[in-house]
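Asks: Input protein32.txt, format and content: compact mmCIF, C-alpha atoms.
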```txt
# COMPACT_ATOMS: atom_id res chain seq x y z
CA MET S 1 -23.14 46.24 108.19
CA THR S 2 -26.29 47.32 110.05
CA VAL S 3 -29.91 46.89 108.96
CA LEU S 4 -31.95 50.09 108.86
CA GLY S 5 -34.95 49.86 111.17
CA ARG S 6 -37.17 46.96 110.24
CA SER S 7 -36.18 47.06 106.56
CA GLY S 8 -33.78 44.75 104.79
CA VAL S 9 -31.47 47.58 103.75
CA ARG S 10 -27.97 47.34 105.19
CA VAL S 11 -25.47 50.16 105.62
CA SER S 12 -21.81 50.29 106.61
CA GLY S 13 -20.86 52.00 109.85
CA LEU S 14 -19.03 54.64 107.83
CA GLY S 15 -21.02 56.13 104.96
CA PHE S 16 -20.02 58.31 102.01
CA GLY S 17 -21.74 61.69 101.68
CA GLY S 18 -22.05 62.70 98.04
CA ALA S 19 -22.55 66.47 98.24
CA VAL S 20 -18.87 67.30 97.74
CA ILE S 21 -18.52 65.38 94.47
CA GLY S 22 -21.45 67.49 93.28
CA ASN S 23 -19.01 70.44 93.36
CA LEU S 24 -20.02 71.78 96.75
CA TYR S 25 -18.49 75.30 96.96
CA ARG S 26 -15.80 74.53 94.39
CA GLU S 27 -15.21 72.20 91.48
CA VAL S 28 -14.06 68.62 91.76
CA SER S 29 -12.86 67.06 88.52
CA GLU S 30 -14.56 64.02 87.02
CA THR S 31 -11.39 62.00 87.59
CA THR S 32 -11.05 63.03 91.22
CA ALA S 33 -14.74 62.33 91.90
CA ALA S 34 -14.40 58.82 90.47
CA GLU S 35 -11.19 58.18 92.39
CA THR S 36 -12.77 59.43 95.61
CA VAL S 37 -15.68 56.99 95.35
CA ALA S 38 -13.23 54.21 94.45
CA ALA S 39 -11.18 55.05 97.56
CA ALA S 40 -14.35 54.86 99.65
CA TRP S 41 -15.03 51.40 98.28
CA ASP S 42 -11.45 50.29 98.97
CA ALA S 43 -11.85 51.59 102.55
CA GLY S 44 -14.80 49.26 103.08
CA ILE S 45 -17.56 51.86 102.71
CA ARG S 46 -20.71 50.27 101.32
CA TYR S 47 -23.29 52.99 101.97
CA PHE S 48 -23.41 55.99 99.64
CA ASP S 49 -25.74 58.97 100.05
CA THR S 50 -26.64 61.57 97.45
CA ALA S 51 -29.48 63.88 96.36
CA PRO S 52 -30.72 65.79 93.29
CA HIS S 53 -29.94 69.00 95.17
CA TYR S 54 -26.23 68.21 95.16
CA GLY S 55 -24.85 69.93 92.08
CA LEU S 56 -28.22 69.91 90.32
CA GLY S 57 -27.94 66.18 89.67
CA LEU S 58 -24.17 66.09 89.13
CA ALA S 59 -23.48 64.16 92.34
CA GLU S 60 -26.00 61.47 91.40
CA ARG S 61 -24.52 61.07 87.92
CA ARG S 62 -20.97 60.86 89.23
CA LEU S 63 -21.83 58.44 92.01
CA GLY S 64 -23.72 56.14 89.68
CA ALA S 65 -20.89 56.12 87.16
CA ALA S 66 -18.33 55.38 89.87
CA LEU S 67 -20.38 52.46 91.22
CA ALA S 68 -21.15 50.99 87.80
CA GLY S 69 -19.99 47.42 87.52
CA ARG S 70 -20.03 46.76 91.26
CA ALA S 71 -22.11 43.83 92.45
CA ARG S 72 -25.41 45.50 93.31
CA HIS S 73 -26.06 43.42 96.41
CA GLU S 74 -22.79 44.60 97.96
CA PHE S 75 -23.75 48.26 98.50
CA SER S 76 -26.66 50.53 99.37
CA VAL S 77 -27.50 53.95 97.95
CA SER S 78 -29.80 56.61 99.33
CA THR S 79 -31.12 59.64 97.54
CA LYS S 80 -33.67 62.26 98.44
CA VAL S 81 -36.95 63.73 97.25
CA GLY S 82 -38.64 67.09 97.79
CA ARG S 83 -36.84 69.20 95.21
CA ILE S 84 -37.76 68.80 91.55
CA LEU S 85 -35.10 69.81 89.01
CA GLU S 86 -36.59 71.75 86.11
CA PRO S 87 -34.60 72.75 83.00
CA VAL S 88 -33.79 76.44 82.69
CA PRO S 89 -34.31 77.81 79.17
CA ASN S 90 -31.22 79.63 77.89
CA PRO S 91 -29.26 79.66 81.16
CA GLY S 92 -26.27 81.26 79.48
CA ARG S 93 -23.23 81.33 81.75
CA ALA S 94 -25.20 81.51 85.00
CA ARG S 95 -23.87 79.50 87.94
CA ASP S 96 -25.67 77.82 90.84
CA VAL S 97 -24.74 80.55 93.31
CA ALA S 98 -27.85 80.25 95.48
CA GLY S 99 -27.47 76.48 95.81
CA GLY S 100 -23.83 76.70 96.82
CA PHE S 101 -22.56 74.36 94.11
CA ALA S 102 -19.99 75.25 91.47
CA VAL S 103 -22.07 74.06 88.52
CA PRO S 104 -23.90 75.73 85.62
CA ALA S 105 -27.44 76.79 86.50
CA ASP S 106 -28.95 74.56 83.81
CA PHE S 107 -31.72 73.52 86.18
CA ALA S 108 -33.79 75.23 88.84
CA ARG S 109 -34.94 73.57 92.06
CA ARG S 110 -38.64 73.62 92.89
CA TRP S 111 -40.01 72.38 96.20
CA ASP S 112 -42.49 69.55 95.65
CA PHE S 113 -43.60 67.14 98.36
CA SER S 114 -46.64 65.94 96.44
CA ALA S 115 -47.07 62.23 95.75
CA ASP S 116 -46.52 62.85 92.04
CA GLY S 117 -43.45 64.96 92.81
CA VAL S 118 -41.95 62.15 94.89
CA ARG S 119 -42.40 59.63 92.09
CA ARG S 120 -41.08 61.99 89.43
CA SER S 121 -38.06 62.91 91.52
CA LEU S 122 -37.20 59.30 92.32
CA GLU S 123 -37.59 58.24 88.70
CA SER S 124 -35.22 61.00 87.59
CA SER S 125 -32.71 60.09 90.30
CA VAL S 126 -32.66 56.45 89.26
CA ASP S 127 -32.03 57.56 85.67
CA ARG S 128 -29.15 59.81 86.68
CA LEU S 129 -27.64 57.14 88.92
CA GLY S 130 -27.97 54.49 86.24
CA LEU S 131 -28.86 51.91 88.88
CA ASP S 132 -31.65 49.39 88.96
CA ARG S 133 -32.99 50.83 92.20
CA VAL S 134 -32.39 53.12 95.16
CA ASP S 135 -32.27 51.37 98.51
CA LEU S 136 -33.28 54.23 100.81
CA VAL S 137 -35.27 57.34 99.91
CA LEU S 138 -35.31 60.32 102.27
CA LEU S 139 -37.62 63.31 102.32
CA HIS S 140 -35.16 66.19 102.01
CA ASP S 141 -35.51 69.26 104.26
CA PRO S 142 -39.31 69.43 104.60
CA ASP S 143 -38.93 72.19 107.24
CA GLU S 144 -41.52 74.52 105.69
CA HIS S 145 -43.59 71.74 104.17
CA TRP S 146 -44.70 69.53 107.06
CA ALA S 147 -48.34 69.31 106.01
CA GLN S 148 -47.68 68.21 102.45
CA ALA S 149 -44.71 66.04 103.39
CA VAL S 150 -46.64 64.02 105.97
CA SER S 151 -49.94 63.86 104.07
CA GLU S 152 -48.68 63.32 100.51
CA ALA S 153 -44.95 62.59 100.25
CA TYR S 154 -44.76 60.11 103.14
CA PRO S 155 -47.75 58.02 101.98
CA ALA S 156 -46.19 57.88 98.50
CA LEU S 157 -42.92 56.59 99.95
CA HIS S 158 -44.84 54.14 102.15
CA GLU S 159 -46.55 52.77 99.04
CA LEU S 160 -43.28 52.52 97.10
CA ARG S 161 -41.78 50.57 99.99
CA SER S 162 -44.82 48.28 100.15
CA GLN S 163 -44.48 47.62 96.42
CA GLY S 164 -40.80 46.76 96.82
CA VAL S 165 -39.69 49.64 94.61
CA VAL S 166 -37.49 50.91 97.45
CA GLY S 167 -36.22 49.04 100.46
CA ALA S 168 -36.42 51.72 103.14
CA ILE S 169 -37.81 55.23 103.63
CA GLY S 170 -37.02 58.14 105.90
CA VAL S 171 -36.36 61.85 106.30
CA GLY S 172 -33.19 63.95 106.30
CA MET S 173 -32.94 67.37 107.97
CA ASN S 174 -30.71 69.79 109.87
CA GLN S 175 -33.22 70.08 112.71
CA TRP S 176 -34.25 67.34 115.10
CA GLN S 177 -37.69 68.44 116.29
CA MET S 178 -39.56 67.70 113.06
CA LEU S 179 -37.59 64.50 112.59
CA ARG S 180 -38.91 63.34 115.95
CA ARG S 181 -42.45 64.02 114.75
CA PHE S 182 -41.82 61.77 111.77
CA VAL S 183 -40.42 59.08 114.08
CA THR S 184 -43.44 59.22 116.40
CA ASP S 185 -46.17 59.85 113.81
CA THR S 186 -45.10 57.70 110.84
CA ASP S 187 -43.47 54.36 110.06
CA VAL S 188 -40.09 55.52 108.74
CA ASP S 189 -37.09 53.20 108.79
CA ALA S 190 -34.42 55.87 109.22
CA VAL S 191 -33.69 59.53 109.75
CA MET S 192 -30.62 61.48 108.70
CA LEU S 193 -29.71 64.17 111.22
CA ALA S 194 -27.14 66.77 110.15
CA GLY S 195 -25.18 68.82 112.65
CA ARG S 196 -27.37 68.34 115.71
CA TYR S 197 -25.55 65.48 117.36
CA THR S 198 -21.95 66.60 117.56
CA LEU S 199 -19.33 67.46 120.16
CA LEU S 200 -20.47 71.08 119.91
CA ASP S 201 -24.22 70.58 119.57
CA SER S 202 -25.90 67.54 121.09
CA SER S 203 -29.38 69.06 120.96
CA GLY S 204 -30.61 66.19 118.79
CA GLU S 205 -30.09 63.58 121.48
CA PRO S 206 -33.83 63.38 122.33
CA LEU S 207 -34.47 62.41 118.72
CA LEU S 208 -31.84 59.67 118.79
CA ASP S 209 -33.18 58.38 122.07
CA GLU S 210 -36.66 58.19 120.53
CA CYS S 211 -35.20 56.36 117.52
CA ALA S 212 -33.59 53.82 119.84
CA ARG S 213 -36.90 53.26 121.67
CA ARG S 214 -38.84 52.74 118.45
CA GLY S 215 -36.31 50.77 116.41
CA VAL S 216 -35.70 53.55 113.89
CA SER S 217 -32.14 53.91 112.61
CA ALA S 218 -30.29 57.22 112.61
CA LEU S 219 -27.73 58.34 110.05
CA ALA S 220 -25.39 60.93 111.53
CA ALA S 221 -24.26 63.64 109.11
CA GLY S 222 -22.57 67.00 109.58
CA VAL S 223 -20.57 65.66 112.52
CA PHE S 224 -17.84 68.27 111.95
CA ASN S 225 -20.39 71.12 112.16
CA GLY S 226 -19.37 72.45 108.77
CA GLY S 227 -15.63 72.34 109.45
CA MET S 228 -15.06 73.47 113.03
CA LEU S 229 -14.36 69.92 114.21
CA ALA S 230 -12.58 68.72 111.07
CA THR S 231 -9.02 69.48 112.21
CA ASP S 232 -6.99 69.97 115.37
CA ASP S 233 -6.78 73.70 114.65
CA PRO S 234 -10.34 75.07 114.89
CA ALA S 235 -9.17 78.68 114.50
CA ALA S 236 -7.62 77.90 111.13
CA HIS S 237 -11.03 76.93 109.76
CA ALA S 238 -13.37 78.95 111.94
CA VAL S 239 -16.58 77.85 110.24
CA TYR S 240 -19.50 76.58 112.30
CA ASP S 241 -22.60 75.24 110.55
CA TYR S 242 -21.32 76.83 107.32
CA ARG S 243 -21.09 80.34 108.82
CA PRO S 244 -18.27 82.23 110.54
CA ALA S 245 -17.87 80.70 113.98
CA PRO S 246 -18.60 82.79 117.07
CA PRO S 247 -15.48 83.30 119.26
CA GLN S 248 -16.97 81.29 122.11
CA VAL S 249 -17.45 78.30 119.82
CA VAL S 250 -13.83 78.50 118.66
CA SER S 251 -12.68 78.68 122.28
CA ARG S 252 -14.77 75.66 123.22
CA ALA S 253 -13.37 73.66 120.30
CA ARG S 254 -9.84 74.59 121.33
CA ARG S 255 -10.50 73.27 124.84
CA MET S 256 -11.70 70.03 123.30
CA VAL S 257 -8.48 69.77 121.30
CA GLU S 258 -6.46 70.04 124.50
CA ILE S 259 -8.51 67.33 126.20
CA CYS S 260 -8.31 65.05 123.16
CA ARG S 261 -4.52 65.43 122.98
CA ARG S 262 -4.17 64.25 126.56
CA HIS S 263 -5.77 61.01 125.45
CA GLY S 264 -3.88 60.69 122.16
CA VAL S 265 -6.99 61.41 120.09
CA ALA S 266 -7.48 63.85 117.20
CA LEU S 267 -10.46 66.20 117.41
CA PRO S 268 -12.08 64.90 114.18
CA GLN S 269 -11.54 61.36 115.44
CA ALA S 270 -13.48 62.23 118.59
CA ALA S 271 -16.18 63.96 116.54
CA ILE S 272 -16.76 60.84 114.46
CA ALA S 273 -16.64 58.50 117.46
CA HIS S 274 -19.06 60.68 119.44
CA ALA S 275 -21.73 60.30 116.76
CA ALA S 276 -21.10 56.58 116.33
CA ARG S 277 -21.46 55.91 120.06
CA HIS S 278 -25.21 56.44 120.22
CA PRO S 279 -27.02 53.08 119.89
CA ALA S 280 -29.49 54.48 117.36
CA VAL S 281 -26.77 55.53 114.90
CA ALA S 282 -26.34 52.98 112.12
CA SER S 283 -23.88 54.99 110.04
CA VAL S 284 -21.78 58.13 110.28
CA VAL S 285 -21.92 59.80 106.86
CA LEU S 286 -18.88 61.84 105.87
CA GLY S 287 -18.27 63.77 102.69
CA ALA S 288 -14.86 63.83 101.01
CA ARG S 289 -13.25 65.87 98.24
CA SER S 290 -10.39 63.51 97.45
CA PRO S 291 -9.17 59.94 97.92
CA GLU S 292 -6.83 61.21 100.62
CA GLU S 293 -9.75 62.65 102.61
CA VAL S 294 -11.64 59.37 102.33
CA ARG S 295 -8.68 57.38 103.58
CA ARG S 296 -8.16 59.82 106.45
CA ASN S 297 -11.83 59.62 107.42
CA ALA S 298 -11.70 55.82 107.40
CA GLU S 299 -8.55 55.81 109.50
CA LEU S 300 -10.14 58.11 112.07
CA PHE S 301 -13.37 56.11 112.10
CA HIS S 302 -11.58 52.87 112.93
CA ALA S 303 -9.16 54.34 115.50
CA PRO S 304 -10.12 53.45 119.09
CA VAL S 305 -11.10 56.19 121.54
CA PRO S 306 -10.58 55.63 125.29
CA GLU S 307 -13.66 55.85 127.49
CA GLU S 308 -11.84 58.30 129.75
CA LEU S 309 -11.99 60.90 127.00
CA TRP S 310 -15.78 61.08 127.14
CA GLU S 311 -15.67 61.41 130.90
CA GLU S 312 -13.25 64.33 130.72
CA LEU S 313 -15.18 66.06 127.94
CA ALA S 314 -18.38 65.73 129.94
CA ALA S 315 -16.68 67.09 133.05
CA ALA S 316 -15.38 70.10 131.09
CA GLY S 317 -18.95 71.15 130.34
CA PRO S 318 -20.15 73.49 127.56
```
How does this structure look as structure tokens?

Replies:
Amino acid sequence: MTVLGRSGVRVSGLGFGGAVIGNLYREVSETTAAETVAAAWDAGIRYFDTAPHYGLGLAERRLGAALAGRARHEFSVSTKVGRILEPVPNPGRARDVAGGFAVPADFARRWDFSADGVRRSLESSVDRLGLDRVDLVLLHDPDEHWAQAVSEAYPALHELRSQGVVGAIGVGMNQWQMLRRFVTDTDVDAVMLAGRYTLLDSSGEPLLDECARRGVSALAAGVFNGGMLATDDPAAHAVYDYRPAPPQVVSRARRMVEICRRHGVALPQAAIAHAARHPAVASVVLGARSPEEVRRNAELFHAPVPEELWEELAAAGP
């Protein structure tokens, strides 16, 4: 377990990403969702991440139910603020197509990085989770909302941390440039970076280096770049950052597979280990759709990777 920044919140080196049990892209049954979280626990995972955005609150409800009865001091949970869920009158049979989750569109998301919005969102999240508290709260995707996020949402989180309502605060995004501004301009404990520190895209390294200099912890998400690095057959799942992968990206991933095989390493194993290698990274957060996926992720996370692999990958170039 690693402490986030200067907070007292501890996270396991492998974290559980909760978007998938919120029915990301397709449905996951209640039973499978509960069994998947249970498998994560059995694998030693003690850090669980979620957000209201994930399945319009479904992921939070499922995660909280699956963790109910566990000793609260044994695990940490993070959720996010920035999107308020508002009930939709008479939604009928509409589905959450725009959000990408296979759930009824009973709620609509509304951006809100105001201080009041932060408090309202967190209060609702705690209710859905059914927990006594949330350990880490992250501003979620403030890309187009820097001014309000830094002047209203961040001070609100800072106050909640000072009051002991939450243990740690931070920001989660798919881009690294604004995250670095939060690291340099505020007193966050952690940042969650998705997809920008991977075998295929290491553009976020300056952010992680800044985190290491300032004692801010990084949570590495999206390490498979949406699927391209998730198997040893990139062409079979040619998705990169949740879009069809350009041919040159597929070719590059295939070259990586060949190099990894020479060292007895699976491509997803290397993808996980690459993210975990940076000294600023406290946890690699992986989503899973089933207990089998959780167990496979844990197996890959704990499998050793020879140093020679990194040297050969670096020599191969982009």

Asks: Nearest to Leu219 (chain S) among S:Leu200, S:Ala236, S:Val20, S:Ala276, with distances taken over all atoms listed in the file: which residue is it?

Replies: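 Ranking S:Leu200, S:Ala236, S:Val20, S:Ala276 by distance to Leu219 (chain S), first place goes to S:Ala276.
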
Asks: Mind checking which residues fall within 9 Å of Ala273 (chain S), counting all atoms listed in the file, ignoring those fewer than 5 positions away in the same chain, and posting them as a PyMOL selection string?

Replies: chain S and resi 268+284+300-305

Asks: Between S:Tyr197, S:Tyr47, S:Phe16, S:Trp41, which has the minimum distance to Leu4 (chain S) (counting all atoms listed in the file)?

Replies: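 The shortest atom-to-atom distance to Leu4 (chain S) comes from S:Tyr47.
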
Asks: Grab the CA of Ser76 (chain S) to CA of Ala34 (chain S) distance for me, in Å with one decimal place.

Replies: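 Rounded to one decimal, the two atoms are 17.3 Å apart.
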
Asks: Given all atoms listed in the file as the basis, pick out the residue of S:Leu139, S:Met1, S:Ala40, S:Leu58 nearest to Asp112 (chain S).

Replies: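 That would be S:Leu139, the residue with the smallest distance to Asp112 (chain S).
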
Asks: Show me, as AutoDock Vina command-line options, the centre and edge lengths in Å to one decimal of the axis-aligned box that covers every listed atom of region 246-258 of chain S with 6 Å on each side.

Replies:
```
--center_x -12.5 --center_y 76.5 --center_z 121.0 --size_x 24.1 --size_y 25.5 --size_z 19.8
```

Asks: Would you kindly return, as a ChimeraX atom specification, each protein, DNA or RNA residue with an atom no farther than 9 Å from any atom of Leu309 (chain S), considering all atoms listed in the file and excluding same-chain residues fewer than 2 positions away?

Replies: /S:259-260,262-263,265,270,305-307,311-314

Asks: Would you kindly return, as a ChimeraX atom specification, each protein, DNA or RNA residue with an atom no farther than 10 Å from any atom of Pro142 (chain S), considering only C-alpha atoms and excluding same-chain residues fewer than 4 positions away?

Replies: /S:81-83,111-113,146-150,153,171-173,178-179

Asks: Atoms to include: C-alpha atoms. Write the selected residues as a PDB file, keeping the file's coordinate frame.

Replies:
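Output (out-v1.pdb):
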```pdb
ATOM      1  CA  VAL S  81     -36.950  63.730  97.250  1.00  0.00           C
ATOM      2  CA  GLY S  82     -38.640  67.090  97.790  1.00  0.00           C
ATOM      3  CA  ARG S  83     -36.840  69.200  95.210  1.00  0.00           C
ATOM      4  CA  TRP S 111     -40.010  72.380  96.200  1.00  0.00           C
ATOM      5  CA  ASP S 112     -42.490  69.550  95.650  1.00  0.00           C
ATOM      6  CA  PHE S 113     -43.600  67.140  98.360  1.00  0.00           C
ATOM      7  CA  TRP S 146     -44.700  69.530 107.060  1.00  0.00           C
ATOM      8  CA  ALA S 147     -48.340  69.310 106.010  1.00  0.00           C
ATOM      9  CA  GLN S 148     -47.680  68.210 102.450  1.00  0.00           C
ATOM     10  CA  ALA S 149     -44.710  66.040 103.390  1.00  0.00           C
ATOM     11  CA  VAL S 150     -46.640  64.020 105.970  1.00  0.00           C
ATOM     12  CA  ALA S 153     -44.950  62.590 100.250  1.00  0.00           C
ATOM     13  CA  VAL S 171     -36.360  61.850 106.300  1.00  0.00           C
ATOM     14  CA  GLY S 172     -33.190  63.950 106.300  1.00  0.00           C
ATOM     15  CA  MET S 173     -32.940  67.370 107.970  1.00  0.00           C
ATOM     16  CA  MET S 178     -39.560  67.700 113.060  1.00  0.00           C
ATOM     17  CA  LEU S 179     -37.590  64.500 112.590  1.00  0.00           C
TER      18      LEU S 179
END
```

Asks: So, counting all atoms listed in the file, which residue among S:Pro279, S:Gly15, S:Pro155, S:Gly167 is closest to Arg133 (chain S)?

Replies: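 Distance minimum relative to Arg133 (chain S) lands on S:Gly167.
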
Asks: Tell me, as a PDB file with C-alpha atoms, in the frame of the given file, which residues lie within 12 Å of Ala94 (chain S), counting all atoms listed in the file; anything in the same chain fewer than 5 positions away does not count.

Replies:
```
ATOM      1  CA  VAL S  88     -33.790  76.440  82.690  1.00  0.00           C
ATOM      2  CA  PRO S  89     -34.310  77.810  79.170  1.00  0.00           C
ATOM      3  CA  PHE S 101     -22.560  74.360  94.110  1.00  0.00           C
ATOM      4  CA  ALA S 102     -19.990  75.250  91.470  1.00  0.00           C
ATOM      5  CA  VAL S 103     -22.070  74.060  88.520  1.00  0.00           C
ATOM      6  CA  PRO S 104     -23.900  75.730  85.620  1.00  0.00           C
ATOM      7  CA  ALA S 105     -27.440  76.790  86.500  1.00  0.00           C
ATOM      8  CA  ASP S 106     -28.950  74.560  83.810  1.00  0.00           C
ATOM      9  CA  PHE S 107     -31.720  73.520  86.180  1.00  0.00           C
ATOM     10  CA  ALA S 108     -33.790  75.230  88.840  1.00  0.00           C
TER      11      ALA S 108
END
```

Asks: Pick from S:Ser7, S:Ser12, S:Asn23, S:Ser203: nearest to Arg289 (chain S), with all atoms listed in the file counted?

Replies: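 The shortest atom-to-atom distance to Arg289 (chain S) comes from S:Asn23.
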
Asks: Of the residues S:Asn90, S:Asn174, S:Asn225, S:Gln269, which is the one nearest to Tyr240 (chain S), using all atoms listed in the file?

Replies: S:Asn225
